[in-house]
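For reference, the structure is listed below as structure tokens.
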Amino acid sequence: MESEQSAEDLLVRVAERSECALGILYERFAPGLLALLHRILGERKDAELALQDVFLRLWNQAARLNREGISVSAWLAITARNLGVQRLRSGNGLEPLPLGGGAAPGKIPAWYPRVAQAALLEQRSELLKKVIKQLPPHQRQALELAVLDGCTEAEIALKLEEPLGRVKTELRAAMSFLRHRLRAVMGTWAANI
Amino acid sequence: MLGSLSTEEHASVQAHVERGCAYCQDQLREAALTVYFLSRMPRTERPDAKQKFALFQRLRKGKG
């Protein structure tokens, strides 16, 4: 049955220009991505247009993603988040964020989650939700402003009415906490959760 | 990864990563997983059927 095919098997077919496979991936992932884009952009119409753009990018990059063993679900989520925050910033007359993360323009960064990593993370998502709740409220707020509102550190400082240095410290502490817990949850490091 | 650094800070990180620092590559990989996980947190919203139709119309017009 079509619905039982893995996202990566479907990606192979998308790379071979199967619209049917793209449609199945859309049915599977669009509801989560639309909620994310709606959360970021605020307007459902804007979110719907951005959603189409995410899947058009998938269509165009399927062969490369497949060759490089990138997780489809992780690529979709990160691409939707990045596209959403850039569109939000553009609509608000703000400069685009530098999101390359060390990759040359037009290339898929080497650090994009691989299939096995993303699958493990999905298996353990309930545990990870618990981890997010352990973040101190200020750190969680700063992280959400960075990830879901596309704010720079300077903008977060303004929104939270906190000194820039403190925001930098909070964001680094939040990311460090999550990285360590992620290692524990993914089984690569021991820690108490 | 988040895009929250200033342009100067980002350029400095980018130059460092391009030199092939394995430690920073690992940090970026873990940060990407974190962003991926946080991006999956909102609830789901089913798009209207016409959105899928519009996507395929755009795809066939070659606007992708």
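Each chain in the structure tokens gets a letter, A, B and so on, in the order shown; residues start at 1 in every chain, and ligands are counted from 1 in the order they appear.
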
Subject >> Residue neighbourhood B:Glu30, 10 Å, only C-alpha atoms, exclusion window fewer than 6 positions, as a PyMOL selection string >> reply: (chain A and resi 111-113+117+175-176+178-180+182-183) or (chain B and resi 24+36)

Restricting the output to C-alpha atoms, write the selected residues as a PDB file, in the first residue's frame.
```
ATOM      1  CA  TRP A 111      24.860  18.871   9.283  1.00  0.00           C
ATOM      2  CA  TYR A 112      21.281  18.301   8.097  1.00  0.00           C
ATOM      3  CA  PRO A 113      19.865  15.357  10.084  1.00  0.00           C
ATOM      4  CA  GLN A 117      19.090  10.252  13.416  1.00  0.00           C
ATOM      5  CA  MET A 175      20.926  25.134  23.308  1.00  0.00           C
ATOM      6  CA  SER A 176      23.623  23.534  25.425  1.00  0.00           C
ATOM      7  CA  LEU A 178      19.035  20.633  24.858  1.00  0.00           C
ATOM      8  CA  ARG A 179      22.125  19.289  23.072  1.00  0.00           C
ATOM      9  CA  HIS A 180      23.220  17.410  26.176  1.00  0.00           C
ATOM     10  CA  LEU A 182      19.421  15.145  23.130  1.00  0.00           C
ATOM     11  CA  ARG A 183      22.612  13.075  23.373  1.00  0.00           C
TER      12      ARG A 183
ATOM     13  CA  CYS B  24      31.614  22.512  15.377  1.00  0.00           C
ATOM     14  CA  TYR B  36      13.901  20.024  13.908  1.00  0.00           C
TER      15      TYR B  36
END
```

Set the distance at 12 Å and use only C-alpha atoms: which residues neighbour B:Ala22 once local chain neighbours fewer than 6 positions away are removed? I'd like the list as a PDB file with C-alpha atoms, in the first residue's frame.
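Heads up, here's the output in selection18.pdb:
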```
ATOM      1  CA  ALA A 110      26.488  18.676   5.852  1.00  0.00           C
ATOM      2  CA  TRP A 111      24.860  18.871   9.283  1.00  0.00           C
TER       3      TRP A 111
ATOM      4  CA  HIS B  16      35.452  28.599  11.056  1.00  0.00           C
ATOM      5  CA  LEU B  28      25.668  22.148  14.242  1.00  0.00           C
ATOM      6  CA  ARG B  29      24.273  18.657  13.636  1.00  0.00           C
TER       7      ARG B  29
END
```

Subject >> Between atom CA of A:Ala30 and atom CA of A:Gln52 - distance in Å to one decimal >> reply: 9.2 Å

Can you write out as JSON lines which residues of chain A fall within 8 Å of chain B, alongside each residue's closest atom pair and its distance in Å to one decimal, counting only C-alpha atoms and ordering rows by chain and ascending residue number?
```
{"residue": "A:Gly23", "atom": "CA", "partner": "B:Lys52", "partner_atom": "CA", "distance": 7.8}
{"residue": "A:Tyr26", "atom": "CA", "partner": "B:Lys52", "partner_atom": "CA", "distance": 7.8}
{"residue": "A:Ala30", "atom": "CA", "partner": "B:Pro47", "partner_atom": "CA", "distance": 7.1}
{"residue": "A:Pro31", "atom": "CA", "partner": "B:Arg46", "partner_atom": "CA", "distance": 4.5}
{"residue": "A:Gly32", "atom": "CA", "partner": "B:Thr44", "partner_atom": "CA", "distance": 4.4}
{"residue": "A:Leu33", "atom": "CA", "partner": "B:Thr44", "partner_atom": "CA", "distance": 7.5}
{"residue": "A:Leu34", "atom": "CA", "partner": "B:Glu45", "partner_atom": "CA", "distance": 5.9}
{"residue": "A:Ala35", "atom": "CA", "partner": "B:Glu45", "partner_atom": "CA", "distance": 5.1}
{"residue": "A:Leu36", "atom": "CA", "partner": "B:Pro42", "partner_atom": "CA", "distance": 5.8}
{"residue": "A:Arg39", "atom": "CA", "partner": "B:Pro42", "partner_atom": "CA", "distance": 7.4}
{"residue": "A:Glu48", "atom": "CA", "partner": "B:Gln51", "partner_atom": "CA", "distance": 7.0}
{"residue": "A:Gln52", "atom": "CA", "partner": "B:Leu55", "partner_atom": "CA", "distance": 5.4}
{"residue": "A:Asp53", "atom": "CA", "partner": "B:Gly64", "partner_atom": "CA", "distance": 7.4}
{"residue": "A:Phe55", "atom": "CA", "partner": "B:Leu55", "partner_atom": "CA", "distance": 7.7}
{"residue": "A:Leu56", "atom": "CA", "partner": "B:Gly64", "partner_atom": "CA", "distance": 4.9}
{"residue": "A:Arg57", "atom": "CA", "partner": "B:Gly64", "partner_atom": "CA", "distance": 6.6}
{"residue": "A:Trp59", "atom": "CA", "partner": "B:Gly64", "partner_atom": "CA", "distance": 7.6}
{"residue": "A:Asn60", "atom": "CA", "partner": "B:Gly64", "partner_atom": "CA", "distance": 6.8}
{"residue": "A:Ala74", "atom": "CA", "partner": "B:Tyr36", "partner_atom": "CA", "distance": 5.7}
{"residue": "A:Ala77", "atom": "CA", "partner": "B:Tyr36", "partner_atom": "CA", "distance": 5.9}
{"residue": "A:Ile78", "atom": "CA", "partner": "B:Tyr36", "partner_atom": "CA", "distance": 5.7}
{"residue": "A:Arg81", "atom": "CA", "partner": "B:Ser39", "partner_atom": "CA", "distance": 6.7}
{"residue": "A:Leu97", "atom": "CA", "partner": "B:Gly3", "partner_atom": "CA", "distance": 5.1}
{"residue": "A:Pro98", "atom": "CA", "partner": "B:Gly3", "partner_atom": "CA", "distance": 5.2}
{"residue": "A:Leu99", "atom": "CA", "partner": "B:Gly3", "partner_atom": "CA", "distance": 5.0}
{"residue": "A:Gly100", "atom": "CA", "partner": "B:Met1", "partner_atom": "CA", "distance": 7.3}
{"residue": "A:Gly101", "atom": "CA", "partner": "B:Met1", "partner_atom": "CA", "distance": 5.1}
{"residue": "A:Gly102", "atom": "CA", "partner": "B:Gln14", "partner_atom": "CA", "distance": 4.2}
{"residue": "A:Ala103", "atom": "CA", "partner": "B:Glu18", "partner_atom": "CA", "distance": 7.5}
{"residue": "A:Ala110", "atom": "CA", "partner": "B:Gln25", "partner_atom": "CA", "distance": 7.9}
{"residue": "A:Trp111", "atom": "CA", "partner": "B:Arg29", "partner_atom": "CA", "distance": 4.4}
{"residue": "A:Tyr112", "atom": "CA", "partner": "B:Arg29", "partner_atom": "CA", "distance": 6.3}
{"residue": "A:Pro113", "atom": "CA", "partner": "B:Leu33", "partner_atom": "CA", "distance": 6.3}
{"residue": "A:Ala118", "atom": "CA", "partner": "B:Leu33", "partner_atom": "CA", "distance": 7.4}
{"residue": "A:Leu121", "atom": "CA", "partner": "B:Phe37", "partner_atom": "CA", "distance": 7.7}
{"residue": "A:Ser125", "atom": "CA", "partner": "B:Phe37", "partner_atom": "CA", "distance": 7.9}
{"residue": "A:Ala146", "atom": "CA", "partner": "B:Ser4", "partner_atom": "CA", "distance": 6.2}
{"residue": "A:Val147", "atom": "CA", "partner": "B:Leu2", "partner_atom": "CA", "distance": 6.1}
{"residue": "A:Leu148", "atom": "CA", "partner": "B:Ser39", "partner_atom": "CA", "distance": 7.4}
{"residue": "A:Gly150", "atom": "CA", "partner": "B:Ser4", "partner_atom": "CA", "distance": 7.3}
{"residue": "A:Cys151", "atom": "CA", "partner": "B:Ser4", "partner_atom": "CA", "distance": 6.2}
{"residue": "A:Thr152", "atom": "CA", "partner": "B:Ser4", "partner_atom": "CA", "distance": 3.8}
{"residue": "A:Glu153", "atom": "CA", "partner": "B:Ser4", "partner_atom": "CA", "distance": 5.3}
{"residue": "A:Met175", "atom": "CA", "partner": "B:Ala31", "partner_atom": "CA", "distance": 7.1}
{"residue": "A:Leu178", "atom": "CA", "partner": "B:Thr34", "partner_atom": "CA", "distance": 7.0}
{"residue": "A:Arg179", "atom": "CA", "partner": "B:Glu30", "partner_atom": "CA", "distance": 6.0}
{"residue": "A:Leu182", "atom": "CA", "partner": "B:Thr34", "partner_atom": "CA", "distance": 7.7}
```

Original post:
Can you list every residue in stretch 48-192 of chain A that DSSP puts in helix (DSSP H, G or I), as a PyMOL selection string?
Top reply: chain A and resi 48-68+72-91+115-123+125-133+137-147+153-160+164-185

Original post:
Neighbours of A:Gln141 within 12 Å (only C-alpha atoms; same-chain residues fewer than 2 positions away dropped), as a list in words?
Top reply: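 Here the answer would be Ile132, Lys133, Leu135, Pro136, Pro137, His138, Gln139, Leu143, Glu144, Leu145, Ala146, Val147, Leu148, Asp149, Cys151, Ile156, Ala157, Lys159, Leu160, Val167, Glu170, Leu171 and Ala174 of chain A.
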
Subject >> Proximity to A:Gly91 - best of A:Ala15, A:Asp46, A:Ser73, A:Asn66, only C-alpha atoms >> reply: A:Asp46

**OP:** List the neighbours of A:Pro96 out to 7 Å using only C-alpha atoms; skip same-chain residues closer than 4 positions along the sequence, and give me the result as a ChimeraX atom specification.
**Re:** /A:86,89-90

Shell around A:Gln134 at 10 Å using only C-alpha atoms, local window under 4 positions removed, as a compact mmCIF listing (two decimals) with N, CA, C and O atoms, in the first residue's frame:
```
# COMPACT_ATOMS: atom_id res chain seq x y z
N LEU A 128 11.57 13.64 24.62
CA LEU A 128 12.10 14.97 24.29
C LEU A 128 11.14 16.09 24.69
O LEU A 128 11.57 17.17 25.07
N LYS A 129 9.85 15.82 24.60
CA LYS A 129 8.87 16.83 25.04
C LYS A 129 9.06 17.12 26.53
O LYS A 129 8.93 18.25 26.98
N LYS A 130 9.36 16.06 27.25
CA LYS A 130 9.61 16.20 28.68
C LYS A 130 10.85 17.08 28.91
O LYS A 130 10.88 17.92 29.81
N ARG A 140 13.41 29.11 27.71
CA ARG A 140 12.45 28.55 26.75
C ARG A 140 11.85 29.66 25.89
O ARG A 140 11.70 29.52 24.68
N PHE A 177 21.87 22.93 27.00
CA PHE A 177 21.03 22.01 27.78
C PHE A 177 20.35 20.99 26.85
O PHE A 177 20.38 19.78 27.09
N LEU A 178 19.76 21.52 25.77
CA LEU A 178 19.04 20.63 24.86
C LEU A 178 19.98 19.67 24.14
O LEU A 178 19.64 18.51 23.94
N ILE A 193 17.19 12.20 33.01
CA ILE A 193 16.09 13.01 32.44
C ILE A 193 14.89 12.88 33.35
O ILE A 193 14.48 11.79 33.65
```
